[in-house]
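Below is one structure, written out as structure tokens, with a few remarks after it.
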2 protein chains.
Amino acid sequence: MNDNAFGIRDGEIAIELPKQFDASLYFIGRIRTPWKHRDDCPKNARESEEICTLEVDPRWKQGLTGVETCSNLVVLYWMDRSRRDLVLQMPRHYKVGRGTFALRSPARPNPIAMSVVRLVGVEGTNLKVVGLDCLDGTPLLDIKPYFASTDAVPDAVVGWHTEEKS
Amino acid sequence: MNDNAFGIRDGEIAIELPKQFDASLYFIGRIRTPWKHRDDCPKNARESEEICTLEVDPRWKQGLTGVETCSNLVVLYWMDRSRRDLVLQMPRHYKVGRGTFALRSPARPNPIAMSVVRLVGVEGTNLKVVGLDCLDGTPLLDIKPYFASTDAVPDAVVGWHTEEKS
């Protein structure tokens with residue numbers, strides 16, 4: 001299956017995007033990772049034990065107060081190289097099209113990625129973390145404490161994914 | 001502790017925001033909840049078993065293909081009534097200031113909330129879910145499948161929160 005000139009694979013569907021945006025974002029820093037090209041990135045975050053760095057802009061320094069007491073963090077970042085108009089996608093390793101909202105693909109109307117990371121160190125406004133799979137230089141949007149009480153659902157199921165593997 | 005005219009409490013710190021934005025968002029729908037005023041909202045999502053509705057704009061209908069096979073979803077939404085310049089905050093029930101990135105407060109440079117919800121039904125482009133605590137009409141940004149393999153960390157600790165309670 002080949003990507004065509006517009007970056008759409010056979011079976012994928014793009015729609016017309018809304019005429020205007022509704023809200024705007026600040027990049028609060030950058031993510032430093034060992035991966036310079038998309039093909040270098042691990043397929044998912046559990047595949048790698050590499051330590052990556054959340055470089056938070058010094059402007060937000062005081063916002064990090066207390067973060068060092070968290071074992072795990074929710075990281076939101078901006079997948080700035082992705083198209084935003086795909087509704088049906090054909091991930092390379094699957095046989096049938098899936099809806100964008102049933103996938104963790106970076107291509108989505110708002111290309112905000114969410115990763116749960118393990119915090120391994122704090123050096124000034126740099127946070128050392130394990131659990132990312134994004135390109136070096138990816139814009140950082142937000143950092144949140146991870147609460148097991150509301151965020152951990154160990155028995156959650158993604159039905160299409162389970163079937164795909166069986 | 002009283003809010004002052006600018007909505008800052010004693011001990012809170014606001015900074016100057018960047019002069020310009022870096023990226024923009026589409027609202028892909030609205031969230032319908034039973035809560036019309038901030039004081040009505042549950043303190044956190046595990047406090048309520050109310051069924052809420054993710055009303056996805058029909059434009060994105062095909063993006064929902066396969067979502068019905070997910071037991072749980074990650075929902076991103078826009079806390080559009082929050083100030084964005086606070087770095088140190090004094091949540092009402094705590095005694096000391098905490099950094100914005102150590103809190104799940106809606107006040108943050110990019111007021112994107114993340115909730116893990118349980119999917120209880122799909123009706124066209126409306127998803128019925130349990131696990132939200134936001135105001136009725138909140139703008140929806142993204143829906144993702146929740147993968148226990150990467151998203152569930154049942155033994156995660158938020159140190160400051162544990163100490164606060166003890």
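By order of appearance in the structure tokens: chains A, B, ..., then residues from 1 within every chain, and ligands from 1 in the order shown.
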Margin query: as an MDAnalysis selection string, please: the residues near Asp151 in chain A (cut-off 7 Å, only C-alpha atoms, same-chain neighbours under 3 positions excluded).
Written below: (chainID A and resid 146:148) or (chainID B and resid 116 152)
Within 6 Å of chain A, which residues of chain B show up? Give each one with its shortest atom-to-atom distance in Å (one decimal) and the two atoms involved, counting only C-alpha atoms, rows by chain then rising residue number, as a tab-separated table.
residue	atom	partner	partner_atom	distance
B:Phe21	CA	A:Tyr26	CA	5.1
B:Asp22	CA	A:Tyr26	CA	5.3
B:Ala23	CA	A:Leu25	CA	5.2
B:Ser24	CA	A:Ser24	CA	4.2
B:Leu25	CA	A:Ala23	CA	5.2
B:Tyr26	CA	A:Phe21	CA	5.1
B:Gln62	CA	A:Val87	CA	5.6
B:Gly63	CA	A:Gly99	CA	3.9
B:Leu64	CA	A:Gly99	CA	5.1
B:Thr65	CA	A:Gly99	CA	4.3
B:Gly66	CA	A:Ala102	CA	5.6
B:Val67	CA	A:Ala102	CA	4.8
B:Thr69	CA	A:Gly159	CA	4.6
B:Cys70	CA	A:Val158	CA	4.4
B:Ser71	CA	A:Val157	CA	5.3
B:Asn72	CA	A:Ala156	CA	5.9
B:Val87	CA	A:Gly63	CA	4.2
B:Leu88	CA	A:Gly63	CA	5.8
B:Arg98	CA	A:Thr65	CA	5.8
B:Gly99	CA	A:Gly63	CA	3.9
B:Thr100	CA	A:Gly63	CA	4.6
B:Phe101	CA	A:Lys144	CA	5.2
B:Ala102	CA	A:Val67	CA	4.8
B:Asn110	CA	A:Leu25	CA	5.9
B:Val116	CA	A:Asp151	CA	5.9
B:Ile143	CA	A:Phe101	CA	5.3
B:Lys144	CA	A:Phe101	CA	5.2
B:Pro145	CA	A:Ala102	CA	5.3
B:Ala148	CA	A:Pro154	CA	5.1
B:Asp151	CA	A:Val116	CA	5.9
B:Ala152	CA	A:Ala152	CA	4.2
B:Val153	CA	A:Ala152	CA	5.5
B:Pro154	CA	A:Ala148	CA	5.2
B:Ala156	CA	A:Ala148	CA	5.6
B:Val157	CA	A:Ser71	CA	5.3
B:Val158	CA	A:Cys70	CA	4.4
B:Gly159	CA	A:Thr69	CA	4.5
Checklist line | Residue contacts of Asp136 in chain B (8 Å, only C-alpha atoms) excluding same-chain residues fewer than 2 positions away, as number ranges by chain | finding: B: 31-36, 134, 138
Given the selection you just returned, output its residues as a file containing C-alpha atoms, formatted as an mmCIF file, in the first residue's frame.
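Output file out00.cif is given in full below:
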data_model
loop_
_atom_site.group_PDB
_atom_site.id
_atom_site.type_symbol
_atom_site.label_atom_id
_atom_site.label_comp_id
_atom_site.auth_asym_id
_atom_site.auth_seq_id
_atom_site.Cartn_x
_atom_site.Cartn_y
_atom_site.Cartn_z
ATOM 1 C CA ILE B 31 -19.974 18.004 25.995
ATOM 2 C CA ARG B 32 -23.419 17.783 27.553
ATOM 3 C CA THR B 33 -23.444 17.340 31.326
ATOM 4 C CA PRO B 34 -26.014 17.951 34.090
ATOM 5 C CA TRP B 35 -23.870 20.777 35.558
ATOM 6 C CA LYS B 36 -24.712 24.368 34.573
ATOM 7 C CA CYS B 134 -17.104 19.537 33.481
ATOM 8 C CA THR B 138 -17.721 22.511 27.291
#
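The residue set within 8 Å of Val129 in chain A, counting only C-alpha atoms and dropping same-chain residues fewer than 6 places from it, reads Ile51, Cys52, Thr53, Leu54, Val117, Arg118, Leu119, Val120 and Gly121 of chain A.
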Write a file of the selected residues as a PDB file, in the first residue's frame, keeping all heavy atoms.
ATOM      1  N   ILE A  51      15.579   7.658  28.026  1.00  0.00           N
ATOM      2  CA  ILE A  51      15.234   8.847  28.811  1.00  0.00           C
ATOM      3  C   ILE A  51      15.125  10.039  27.868  1.00  0.00           C
ATOM      4  O   ILE A  51      16.045  10.330  27.097  1.00  0.00           O
ATOM      5  CB  ILE A  51      16.286   9.113  29.900  1.00  0.00           C
ATOM      6  CG1 ILE A  51      16.272   7.953  30.907  1.00  0.00           C
ATOM      7  CG2 ILE A  51      16.014  10.448  30.603  1.00  0.00           C
ATOM      8  CD1 ILE A  51      17.348   8.048  31.975  1.00  0.00           C
ATOM      9  N   CYS A  52      13.966  10.702  27.908  1.00  0.00           N
ATOM     10  CA  CYS A  52      13.740  11.900  27.110  1.00  0.00           C
ATOM     11  C   CYS A  52      13.643  13.094  28.056  1.00  0.00           C
ATOM     12  O   CYS A  52      13.515  12.930  29.269  1.00  0.00           O
ATOM     13  CB  CYS A  52      12.459  11.767  26.289  1.00  0.00           C
ATOM     14  SG  CYS A  52      12.482  10.335  25.180  1.00  0.00           S
ATOM     15  N   THR A  53      13.714  14.304  27.490  1.00  0.00           N
ATOM     16  CA  THR A  53      13.709  15.507  28.327  1.00  0.00           C
ATOM     17  C   THR A  53      12.569  16.434  27.930  1.00  0.00           C
ATOM     18  O   THR A  53      12.427  16.782  26.759  1.00  0.00           O
ATOM     19  CB  THR A  53      15.044  16.274  28.184  1.00  0.00           C
ATOM     20  OG1 THR A  53      16.115  15.375  28.490  1.00  0.00           O
ATOM     21  CG2 THR A  53      15.099  17.463  29.131  1.00  0.00           C
ATOM     22  N   LEU A  54      11.767  16.823  28.923  1.00  0.00           N
ATOM     23  CA  LEU A  54      10.789  17.885  28.714  1.00  0.00           C
ATOM     24  C   LEU A  54      11.484  19.195  29.065  1.00  0.00           C
ATOM     25  O   LEU A  54      11.766  19.456  30.231  1.00  0.00           O
ATOM     26  CB  LEU A  54       9.563  17.689  29.610  1.00  0.00           C
ATOM     27  CG  LEU A  54       8.880  16.322  29.577  1.00  0.00           C
ATOM     28  CD1 LEU A  54       7.685  16.298  30.544  1.00  0.00           C
ATOM     29  CD2 LEU A  54       8.422  15.965  28.175  1.00  0.00           C
ATOM     30  N   VAL A 117       4.016   9.210  31.253  1.00  0.00           N
ATOM     31  CA  VAL A 117       5.452   8.976  31.388  1.00  0.00           C
ATOM     32  C   VAL A 117       5.822   8.759  32.855  1.00  0.00           C
ATOM     33  O   VAL A 117       5.083   9.129  33.760  1.00  0.00           O
ATOM     34  CB  VAL A 117       6.281  10.162  30.835  1.00  0.00           C
ATOM     35  CG1 VAL A 117       5.966  10.406  29.368  1.00  0.00           C
ATOM     36  CG2 VAL A 117       6.076  11.425  31.657  1.00  0.00           C
ATOM     37  N   ARG A 118       6.985   8.160  33.035  1.00  0.00           N
ATOM     38  CA  ARG A 118       7.559   7.995  34.367  1.00  0.00           C
ATOM     39  C   ARG A 118       8.604   9.089  34.562  1.00  0.00           C
ATOM     40  O   ARG A 118       9.454   9.290  33.698  1.00  0.00           O
ATOM     41  CB  ARG A 118       8.192   6.596  34.452  1.00  0.00           C
ATOM     42  CG  ARG A 118       8.798   6.224  35.776  1.00  0.00           C
ATOM     43  CD  ARG A 118       8.917   4.692  35.912  1.00  0.00           C
ATOM     44  NE  ARG A 118       9.523   4.052  34.741  1.00  0.00           N
ATOM     45  CZ  ARG A 118      10.842   3.926  34.549  1.00  0.00           C
ATOM     46  NH1 ARG A 118      11.697   4.386  35.434  1.00  0.00           N
ATOM     47  NH2 ARG A 118      11.316   3.333  33.458  1.00  0.00           N
ATOM     48  N   LEU A 119       8.491   9.807  35.674  1.00  0.00           N
ATOM     49  CA  LEU A 119       9.440  10.894  35.947  1.00  0.00           C
ATOM     50  C   LEU A 119      10.670  10.311  36.628  1.00  0.00           C
ATOM     51  O   LEU A 119      10.563   9.682  37.677  1.00  0.00           O
ATOM     52  CB  LEU A 119       8.780  11.937  36.864  1.00  0.00           C
ATOM     53  CG  LEU A 119       9.645  13.143  37.257  1.00  0.00           C
ATOM     54  CD1 LEU A 119      10.001  13.986  36.037  1.00  0.00           C
ATOM     55  CD2 LEU A 119       8.920  14.003  38.301  1.00  0.00           C
ATOM     56  N   VAL A 120      11.839  10.520  36.016  1.00  0.00           N
ATOM     57  CA  VAL A 120      13.059   9.956  36.617  1.00  0.00           C
ATOM     58  C   VAL A 120      13.999  11.019  37.162  1.00  0.00           C
ATOM     59  O   VAL A 120      14.968  10.689  37.850  1.00  0.00           O
ATOM     60  CB  VAL A 120      13.811   9.020  35.628  1.00  0.00           C
ATOM     61  CG1 VAL A 120      12.933   7.831  35.261  1.00  0.00           C
ATOM     62  CG2 VAL A 120      14.257   9.759  34.376  1.00  0.00           C
ATOM     63  N   GLY A 121      13.742  12.297  36.881  1.00  0.00           N
ATOM     64  CA  GLY A 121      14.614  13.326  37.431  1.00  0.00           C
ATOM     65  C   GLY A 121      14.169  14.723  37.044  1.00  0.00           C
ATOM     66  O   GLY A 121      13.483  14.915  36.034  1.00  0.00           O
TER      67      GLY A 121
END
Note to self: I'd like the interatomic distance between CA of Asn126 in chain B and CA of Ala107 in chain A, to a tenth of an Å.
What the structure shows: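 Between these atoms lies a distance of 21.7 Å.
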Write out as a PDB file with all heavy atoms, in the first residue's frame all residues of range 1-164 of chain A that backbone DSSP assigns to alpha helix (DSSP H).
ATOM      1  N   ALA A 148      -3.619   7.762  39.834  1.00  0.00           N
ATOM      2  CA  ALA A 148      -4.097   6.402  39.569  1.00  0.00           C
ATOM      3  C   ALA A 148      -5.600   6.293  39.818  1.00  0.00           C
ATOM      4  O   ALA A 148      -6.308   5.583  39.112  1.00  0.00           O
ATOM      5  CB  ALA A 148      -3.335   5.403  40.439  1.00  0.00           C
ATOM      6  N   SER A 149      -6.096   7.044  40.810  1.00  0.00           N
ATOM      7  CA  SER A 149      -7.516   6.928  41.177  1.00  0.00           C
ATOM      8  C   SER A 149      -8.460   7.275  40.028  1.00  0.00           C
ATOM      9  O   SER A 149      -9.531   6.696  39.905  1.00  0.00           O
ATOM     10  CB  SER A 149      -7.820   7.837  42.367  1.00  0.00           C
ATOM     11  OG  SER A 149      -7.451   9.177  42.066  1.00  0.00           O
ATOM     12  N   THR A 150      -8.085   8.202  39.171  1.00  0.00           N
ATOM     13  CA  THR A 150      -8.967   8.578  38.058  1.00  0.00           C
ATOM     14  C   THR A 150      -8.419   8.177  36.682  1.00  0.00           C
ATOM     15  O   THR A 150      -9.185   8.058  35.728  1.00  0.00           O
ATOM     16  CB  THR A 150      -9.201  10.114  38.026  1.00  0.00           C
ATOM     17  OG1 THR A 150      -7.938  10.769  38.128  1.00  0.00           O
ATOM     18  CG2 THR A 150     -10.095  10.563  39.167  1.00  0.00           C
ATOM     19  N   ASP A 151      -7.107   7.963  36.578  1.00  0.00           N
ATOM     20  CA  ASP A 151      -6.498   7.779  35.257  1.00  0.00           C
ATOM     21  C   ASP A 151      -6.146   6.330  34.924  1.00  0.00           C
ATOM     22  O   ASP A 151      -5.889   6.015  33.756  1.00  0.00           O
ATOM     23  CB  ASP A 151      -5.221   8.626  35.152  1.00  0.00           C
ATOM     24  CG  ASP A 151      -5.490  10.119  35.407  1.00  0.00           C
ATOM     25  OD1 ASP A 151      -6.594  10.575  35.048  1.00  0.00           O
ATOM     26  OD2 ASP A 151      -4.620  10.794  35.954  1.00  0.00           O
ATOM     27  N   GLY A 159     -11.508  -3.142  21.654  1.00  0.00           N
ATOM     28  CA  GLY A 159     -11.988  -4.351  21.005  1.00  0.00           C
ATOM     29  C   GLY A 159     -11.368  -4.615  19.647  1.00  0.00           C
ATOM     30  O   GLY A 159     -10.903  -5.715  19.366  1.00  0.00           O
ATOM     31  N   TRP A 160     -11.306  -3.588  18.784  1.00  0.00           N
ATOM     32  CA  TRP A 160     -10.784  -3.810  17.424  1.00  0.00           C
ATOM     33  C   TRP A 160      -9.325  -4.238  17.464  1.00  0.00           C
ATOM     34  O   TRP A 160      -8.873  -5.002  16.620  1.00  0.00           O
ATOM     35  CB  TRP A 160     -10.976  -2.581  16.535  1.00  0.00           C
ATOM     36  CG  TRP A 160     -10.179  -1.360  16.902  1.00  0.00           C
ATOM     37  CD1 TRP A 160     -10.639  -0.247  17.539  1.00  0.00           C
ATOM     38  CD2 TRP A 160      -8.785  -1.119  16.645  1.00  0.00           C
ATOM     39  NE1 TRP A 160      -9.627   0.663  17.706  1.00  0.00           N
ATOM     40  CE2 TRP A 160      -8.479   0.155  17.170  1.00  0.00           C
ATOM     41  CE3 TRP A 160      -7.772  -1.853  16.030  1.00  0.00           C
ATOM     42  CZ2 TRP A 160      -7.205   0.706  17.097  1.00  0.00           C
ATOM     43  CZ3 TRP A 160      -6.497  -1.295  15.954  1.00  0.00           C
ATOM     44  CH2 TRP A 160      -6.230  -0.038  16.487  1.00  0.00           C
ATOM     45  N   HIS A 161      -8.599  -3.764  18.472  1.00  0.00           N
ATOM     46  CA  HIS A 161      -7.182  -4.069  18.572  1.00  0.00           C
ATOM     47  C   HIS A 161      -6.969  -5.519  19.022  1.00  0.00           C
ATOM     48  O   HIS A 161      -6.103  -6.235  18.506  1.00  0.00           O
ATOM     49  CB  HIS A 161      -6.532  -3.100  19.559  1.00  0.00           C
ATOM     50  CG  HIS A 161      -5.038  -3.156  19.570  1.00  0.00           C
ATOM     51  ND1 HIS A 161      -4.339  -3.750  20.587  1.00  0.00           N
ATOM     52  CD2 HIS A 161      -4.123  -2.702  18.689  1.00  0.00           C
ATOM     53  CE1 HIS A 161      -3.037  -3.638  20.327  1.00  0.00           C
ATOM     54  NE2 HIS A 161      -2.882  -3.007  19.190  1.00  0.00           N
ATOM     55  N   THR A 162      -7.785  -5.951  19.966  1.00  0.00           N
ATOM     56  CA  THR A 162      -7.723  -7.327  20.448  1.00  0.00           C
ATOM     57  C   THR A 162      -8.022  -8.301  19.312  1.00  0.00           C
ATOM     58  O   THR A 162      -7.329  -9.302  19.134  1.00  0.00           O
ATOM     59  CB  THR A 162      -8.763  -7.532  21.574  1.00  0.00           C
ATOM     60  OG1 THR A 162      -8.685  -6.426  22.470  1.00  0.00           O
ATOM     61  CG2 THR A 162      -8.519  -8.828  22.322  1.00  0.00           C
ATOM     62  N   GLU A 163      -9.062  -7.985  18.526  1.00  0.00           N
ATOM     63  CA  GLU A 163      -9.442  -8.862  17.406  1.00  0.00           C
ATOM     64  C   GLU A 163      -8.357  -8.921  16.342  1.00  0.00           C
ATOM     65  O   GLU A 163      -8.068  -9.970  15.783  1.00  0.00           O
ATOM     66  CB  GLU A 163     -10.731  -8.353  16.741  1.00  0.00           C
ATOM     67  CG  GLU A 163     -11.960  -8.624  17.571  1.00  0.00           C
ATOM     68  CD  GLU A 163     -13.136  -7.787  17.083  1.00  0.00           C
ATOM     69  OE1 GLU A 163     -13.178  -7.475  15.877  1.00  0.00           O
ATOM     70  OE2 GLU A 163     -13.984  -7.439  17.926  1.00  0.00           O
ATOM     71  N   GLU A 164      -7.765  -7.760  16.082  1.00  0.00           N
ATOM     72  CA  GLU A 164      -6.737  -7.655  15.045  1.00  0.00           C
ATOM     73  C   GLU A 164      -5.571  -8.607  15.335  1.00  0.00           C
ATOM     74  O   GLU A 164      -4.993  -9.199  14.439  1.00  0.00           O
ATOM     75  CB  GLU A 164      -6.210  -6.217  15.019  1.00  0.00           C
ATOM     76  CG  GLU A 164      -5.470  -5.816  13.777  1.00  0.00           C
ATOM     77  CD  GLU A 164      -6.408  -5.400  12.657  1.00  0.00           C
ATOM     78  OE1 GLU A 164      -7.493  -4.833  12.926  1.00  0.00           O
ATOM     79  OE2 GLU A 164      -6.059  -5.670  11.517  1.00  0.00           O
TER      80      GLU A 164
END
Note to self: Can you pull out every residue from chain A that DSSP, working from the backbone, puts in strand (DSSP E or B), and format the result as a ChimeraX atom specification?
What the structure shows: /A:13-14,23-25,29-32,51-56,70,72-78,86-89,98-99,112-123,126-130,138-145,158
Next item on the list: Could you jot down the CA of Thr125 in chain A to CA of Glu55 in chain A separation for me, Å, one decimal place?
Entry: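 Atom-to-atom, CA of Thr125 in chain A to CA of Glu55 in chain A, that is 6.4 Å.
Note that CA of Asp57 in chain B and CA of Pro42 in chain B are 26.1 Å apart.
When only C-alpha atoms are used to compute distances to Ser82 in chain B, the closest of the residues B:Val56, B:Ile8, B:Val130, B:Val96 turns out to be B:Ile8.
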